[in-house]
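Trainee: target-v4.txt (compact mmCIF, C-alpha atoms) pasted underneath:
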# COMPACT_ATOMS: atom_id res chain seq x y z
CA LYS A 1 117.97 86.44 91.01
CA GLN A 2 115.88 86.24 94.18
CA TRP A 3 113.62 89.14 93.05
CA TYR A 4 113.20 87.45 89.66
CA GLN A 5 112.09 84.17 91.29
CA ARG A 6 109.70 86.06 93.54
CA ARG A 7 108.30 87.95 90.53
CA VAL A 8 107.76 84.67 88.66
CA ALA A 9 105.90 83.22 91.65
CA ILE A 10 103.72 86.33 91.96
CA THR A 11 102.95 86.26 88.24
CA ALA A 12 101.99 82.59 88.53
CA GLY A 13 99.66 83.55 91.38
CA ILE A 14 98.04 86.20 89.20
CA SER A 15 97.47 83.59 86.50
CA CYS A 16 95.84 81.19 88.99
CA TYR A 17 93.58 83.90 90.41
CA THR A 18 92.60 84.98 86.90
CA LYS A 19 91.59 81.39 86.06
CA ALA A 20 89.60 81.19 89.30
CA ILE A 21 87.77 84.44 88.42
CA LEU A 22 86.88 83.01 85.00
CA LYS A 23 85.28 80.04 86.78
CA ASN A 24 83.47 82.10 89.42
CA ASP A 25 83.52 85.89 89.26
CA LYS A 26 81.44 86.39 92.42
CA VAL A 27 84.12 85.50 95.01
CA THR A 28 85.57 88.72 96.42
CA THR A 29 88.63 87.14 98.01
CA ILE A 30 89.90 86.02 94.61
CA TYR A 31 89.92 89.66 93.45
CA THR A 32 91.65 90.88 96.61
CA ASN A 33 94.22 88.06 96.44
CA ARG A 34 95.05 89.05 92.88
CA ALA A 35 95.09 92.71 93.96
CA LEU A 36 97.68 91.81 96.59
CA CYS A 37 99.84 90.23 93.87
CA TYR A 38 99.55 93.43 91.85
CA LEU A 39 100.47 95.44 94.96
CA LYS A 40 103.69 93.45 95.28
CA LEU A 41 104.46 94.21 91.62
CA GLU A 42 103.53 97.88 92.12
CA LEU A 43 100.88 97.76 89.39
CA TRP A 44 98.66 100.35 91.06
CA ASP A 45 95.97 100.66 88.35
CA ARG A 46 95.42 96.91 88.38
CA VAL A 47 95.17 96.93 92.17
CA LEU A 48 92.47 99.59 91.91
CA ARG A 49 90.61 97.67 89.21
CA ASP A 50 90.47 94.43 91.21
CA CYS A 51 89.51 96.22 94.41
CA LYS A 52 86.68 98.01 92.61
CA LEU A 53 85.47 94.68 91.21
CA ALA A 54 85.49 93.16 94.70
CA LEU A 55 83.62 96.18 96.07
CA GLU A 56 80.94 95.82 93.40
CA ILE A 57 80.17 92.45 95.00
CA ASP A 58 80.68 93.50 98.64
CA LYS A 59 80.81 97.27 99.26
CA MET A 60 82.27 96.85 102.75
CA MET A 61 85.05 94.36 102.01
CA THR A 62 87.80 95.52 104.34
CA LYS A 63 90.76 94.16 102.38
CA ALA A 64 89.57 95.78 99.17
CA HIS A 65 89.38 99.19 100.84
CA PHE A 66 92.77 98.59 102.51
CA PHE A 67 94.56 97.58 99.30
CA MET A 68 92.86 100.41 97.42
CA GLY A 69 94.15 102.84 100.03
CA GLN A 70 97.68 101.53 99.54
CA ALA A 71 97.53 101.93 95.76
CA LEU A 72 95.97 105.39 95.98
CA THR A 73 98.69 106.46 98.41
CA GLU A 74 101.38 105.36 95.96
CA LEU A 75 99.59 107.32 93.22
CA GLU A 76 99.61 110.32 95.60
CA LYS A 77 95.81 110.49 95.59
CA PHE A 78 95.91 111.10 99.31
CA ASP A 79 92.32 112.23 99.94
CA GLU A 80 90.93 109.17 98.17
CA ALA A 81 93.39 106.93 100.05
CA ILE A 82 92.34 108.44 103.38
CA ALA A 83 88.70 107.79 102.50
CA SER A 84 89.51 104.16 101.60
CA TYR A 85 91.41 103.58 104.85
CA THR A 86 88.63 105.20 106.87
CA THR A 87 86.06 102.91 105.24
CA ALA A 88 88.33 99.90 105.86
CA ILE A 89 88.56 100.80 109.55
CA GLU A 90 84.77 101.20 109.81
CA SER A 91 84.21 97.94 107.95
CA ALA A 92 86.66 96.02 110.14
CA LYS A 93 84.89 97.29 113.27
CA ALA A 94 81.43 96.42 111.92
CA ARG A 95 82.55 92.93 110.88
CA LYS A 96 84.64 92.37 114.00
CA GLU A 97 87.71 91.70 111.85
CA HIS A 98 91.14 92.02 113.43
CA PHE A 99 93.87 93.78 111.47
CA GLY A 100 95.91 94.76 114.49
CA ASP A 101 97.09 98.32 114.01
CA ASP A 102 97.76 97.91 110.25
CA LEU A 103 94.79 99.97 109.08
CA HIS A 104 95.42 102.81 111.52
CA GLN A 105 99.16 102.84 110.72
CA ALA A 106 98.44 103.01 107.00
CA LEU A 107 96.02 105.89 107.57
CA ARG A 108 98.59 107.78 109.67
CA ARG A 109 101.34 107.20 107.08
CA THR A 110 99.12 108.52 104.29
CA LYS A 111 98.15 111.61 106.26
CA LYS A 112 101.84 112.22 106.97
CA LYS A 113 102.75 111.82 103.28
CA LYS A 114 99.97 114.21 102.31
CA LEU A 115 101.24 116.79 104.80
CA HIS A 116 104.85 116.29 103.66
CA LYS A 117 103.88 116.78 100.02
CA LYS A 118 101.90 119.90 100.89
CA GLU A 119 104.86 121.33 102.84
CA LYS A 120 107.22 120.45 99.99
CA SER A 121 105.03 122.21 97.41
CA THR A 122 104.74 125.25 99.70
CA ASP A 123 108.55 125.37 99.95
CA CYS A 124 108.83 125.22 96.17
CA ASP A 125 106.17 127.90 95.70
CA SER A 126 107.99 130.30 98.03
CA ALA A 127 111.26 129.61 96.18
CA LEU A 128 109.63 130.86 92.99
CA ILE A 129 108.82 134.27 94.49
CA PRO A 130 111.39 136.73 93.13
CA LEU A 131 113.61 138.33 95.71
CA LEU A 132 113.34 142.13 95.81
What does the file become when written as structure tokens?
Mentor:
Amino acid sequence: KQWYQRRVAITAGISCYTKAILKNDKVTTIYTNRALCYLKLELWDRVLRDCKLALEIDKMMTKAHFFMGQALTELEKFDEAIASYTTAIESAKARKEHFGDDLHQALRRTKKKKLHKKEKSTDCDSALIPLL
């Protein structure tokens, strides 16, 4: 029941942000706020869409790169995610924005997941080699 109520609230947020975008489609934070809602619902393609729309307005918007990195990580597009996190880190420095260690932690987690997946696929590949 609690997850359902949370989902309803997030969906209502999406509706409000969509209405705000229809009134003014040049405000990047509206796109990233809606992207965050989609992140919580694990709708990765929609996260990517909204982040790309925000980045069309402001190419160095830190949150858009950060949320994009999160979605790309979940889609196992690790190289693209790493690039997004790296840009987010550079953007945050240039704009003197403070994200604590969140950006660096996300980058480290993605690199670790990429390595883990690579090791896992290597293990599977070696298992397919016939024993002589």
Trainee: Can you pull out every residue within 7 Å of range 108-124 of chain A, counting all atoms listed in the file, but drop anything in the same chain fewer than 5 positions away, and send it as a PyMOL selection string?
Mentor: chain A and resi 73+78+82
Trainee: As a list of chain:residue names, please: the residues near range 60-64 of chain A (cut-off 9 Å, all atoms listed in the file, same-chain neighbours under 6 positions excluded).
Mentor: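 The filter keeps A:Thr28, A:Thr29, A:Tyr31, A:Thr32, A:Ala35, A:Leu48, A:Asp50, A:Cys51, A:Lys52, A:Ala54, A:Ser84, A:Tyr85, A:Thr87, A:Ala88, A:Ile89, A:Glu90, A:Ser91, A:Ala92, A:Arg95, A:Glu97.
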Trainee: So the first atom is CA of Arg46 in chain A and the second is CA of Thr86 in chain A; what is the distance between them in Å, to one decimal place?
Mentor: 21.4 Å
Trainee: By how many Å are CA of Ser15 in chain A and CA of Leu55 in chain A apart?
Mentor: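 Computed distance, CA of Ser15 in chain A to CA of Leu55 in chain A, equals 21.0 Å.
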Trainee: Calculate how many Å separate CA of Trp44 in chain A from CA of Asn24 in chain A, rounding to one decimal.
Mentor: 23.8 Å
Trainee: Between A:Asp101, A:Leu53, A:Asp45, A:Thr18, which has the minimum distance to Leu72 in chain A (counting all atoms listed in the file)?
Mentor: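 Under the stated criterion, the closest residue is A:Asp45.
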Trainee: Can you sort out the box for range 6-22 of chain A, edges along x, y and z, all listed atoms in, 6 Å on every side, with centre and edge lengths in Å to one decimal, as JSON?
Mentor:
{"center_x": 98.3, "center_y": 84.6, "center_z": 89.3, "size_x": 34.8, "size_y": 18.8, "size_z": 20.5}
Trainee: Compare A:Lys93, A:Leu107, A:Glu42, A:Asp58 by their minimum atom-to-atom distance to Leu75 in chain A, counting only C-alpha atoms, and give me the closest one.
Mentor: A:Glu42
Trainee: Could you add whatever atoms are missing so that range 55-66 of chain A carries all heavy atoms, then write the result as a CSV table (one decimal), keeping the file's coordinate frame?
Mentor:
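Here's the written file part_38.csv:
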chain,number,residue,atom,x,y,z
A,55,LEU,N,84.6,95.3,95.4
A,55,LEU,CA,83.6,96.2,96.1
A,55,LEU,C,82.3,96.2,95.4
A,55,LEU,O,81.3,96.5,96.0
A,55,LEU,CB,84.2,97.6,96.2
A,55,LEU,CG,85.4,97.6,97.2
A,55,LEU,CD1,86.1,99.0,97.1
A,55,LEU,CD2,84.9,97.3,98.6
A,56,GLU,N,82.2,95.9,94.1
A,56,GLU,CA,80.9,95.8,93.4
A,56,GLU,C,80.1,94.6,94.0
A,56,GLU,O,78.9,94.7,94.0
A,56,GLU,CB,81.1,95.6,91.9
A,56,GLU,CG,81.6,96.9,91.2
A,56,GLU,CD,81.8,96.6,89.7
A,56,GLU,OE1,81.4,95.6,89.1
A,56,GLU,OE2,82.4,97.5,89.1
A,57,ILE,N,80.8,93.6,94.4
A,57,ILE,CA,80.2,92.4,95.0
A,57,ILE,C,79.9,92.7,96.5
A,57,ILE,O,78.8,92.3,97.0
A,57,ILE,CB,81.1,91.2,94.8
A,57,ILE,CG1,81.3,90.9,93.3
A,57,ILE,CG2,80.4,90.0,95.5
A,57,ILE,CD1,82.5,90.0,93.1
A,58,ASP,N,80.8,93.3,97.2
A,58,ASP,CA,80.7,93.5,98.6
A,58,ASP,C,81.3,94.9,99.0
A,58,ASP,O,82.5,95.0,99.1
A,58,ASP,CB,81.4,92.4,99.4
A,58,ASP,CG,81.3,92.6,100.9
A,58,ASP,OD1,80.8,93.6,101.4
A,58,ASP,OD2,81.9,91.7,101.6
A,59,LYS,N,80.4,95.9,99.1
A,59,LYS,CA,80.8,97.3,99.3
A,59,LYS,C,81.6,97.5,100.5
A,59,LYS,O,82.4,98.5,100.6
A,59,LYS,CB,79.6,98.2,99.3
A,59,LYS,CG,78.9,98.3,97.9
A,59,LYS,CD,77.8,99.3,98.0
A,59,LYS,CE,77.0,99.4,96.7
A,59,LYS,NZ,77.6,99.1,95.5
A,60,MET,N,81.6,96.6,101.5
A,60,MET,CA,82.3,96.8,102.8
A,60,MET,C,83.4,95.9,103.0
A,60,MET,O,83.8,95.6,104.1
A,60,MET,CB,81.3,96.8,103.9
A,60,MET,CG,80.3,97.9,103.9
A,60,MET,SD,81.0,99.6,104.0
A,60,MET,CE,81.7,99.6,105.6
A,61,MET,N,83.9,95.3,101.9
A,61,MET,CA,85.0,94.4,102.0
A,61,MET,C,86.3,95.1,102.5
A,61,MET,O,86.9,95.9,101.8
A,61,MET,CB,85.3,93.6,100.7
A,61,MET,CG,86.4,92.6,100.9
A,61,MET,SD,86.6,91.5,99.5
A,61,MET,CE,87.6,90.2,100.3
A,62,THR,N,86.7,94.8,103.7
A,62,THR,CA,87.8,95.5,104.3
A,62,THR,C,89.1,95.5,103.5
A,62,THR,O,89.7,96.5,103.3
A,62,THR,CB,88.0,95.0,105.8
A,62,THR,OG1,86.8,95.0,106.5
A,62,THR,CG2,89.0,95.8,106.5
A,63,LYS,N,89.5,94.3,103.1
A,63,LYS,CA,90.8,94.2,102.4
A,63,LYS,C,90.8,95.0,101.1
A,63,LYS,O,91.8,95.5,100.7
A,63,LYS,CB,91.1,92.7,102.1
A,63,LYS,CG,91.6,92.0,103.2
A,63,LYS,CD,92.1,90.6,102.9
A,63,LYS,CE,92.6,89.8,104.0
A,63,LYS,NZ,93.1,88.5,103.7
A,64,ALA,N,89.6,95.0,100.4
A,64,ALA,CA,89.6,95.8,99.2
A,64,ALA,C,89.8,97.3,99.4
A,64,ALA,O,90.5,97.9,98.7
A,64,ALA,CB,88.2,95.5,98.5
A,65,HIS,N,89.2,97.8,100.5
A,65,HIS,CA,89.4,99.2,100.8
A,65,HIS,C,90.8,99.4,101.3
A,65,HIS,O,91.4,100.5,100.9
A,65,HIS,CB,88.4,99.6,101.9
A,65,HIS,CG,87.0,99.8,101.5
A,65,HIS,ND1,86.6,100.8,100.6
A,65,HIS,CD2,85.9,99.0,101.7
A,65,HIS,CE1,85.3,100.7,100.4
A,65,HIS,NE2,84.9,99.6,101.0
A,66,PHE,N,91.4,98.5,102.0
A,66,PHE,CA,92.8,98.6,102.5
A,66,PHE,C,93.8,98.6,101.3
A,66,PHE,O,94.6,99.5,101.2
A,66,PHE,CB,93.1,97.4,103.5
A,66,PHE,CG,94.4,97.4,104.1
A,66,PHE,CD1,95.0,98.6,104.5
A,66,PHE,CD2,95.1,96.2,104.2
A,66,PHE,CE1,96.3,98.6,105.1
A,66,PHE,CE2,96.4,96.2,104.8
A,66,PHE,CZ,97.0,97.4,105.2
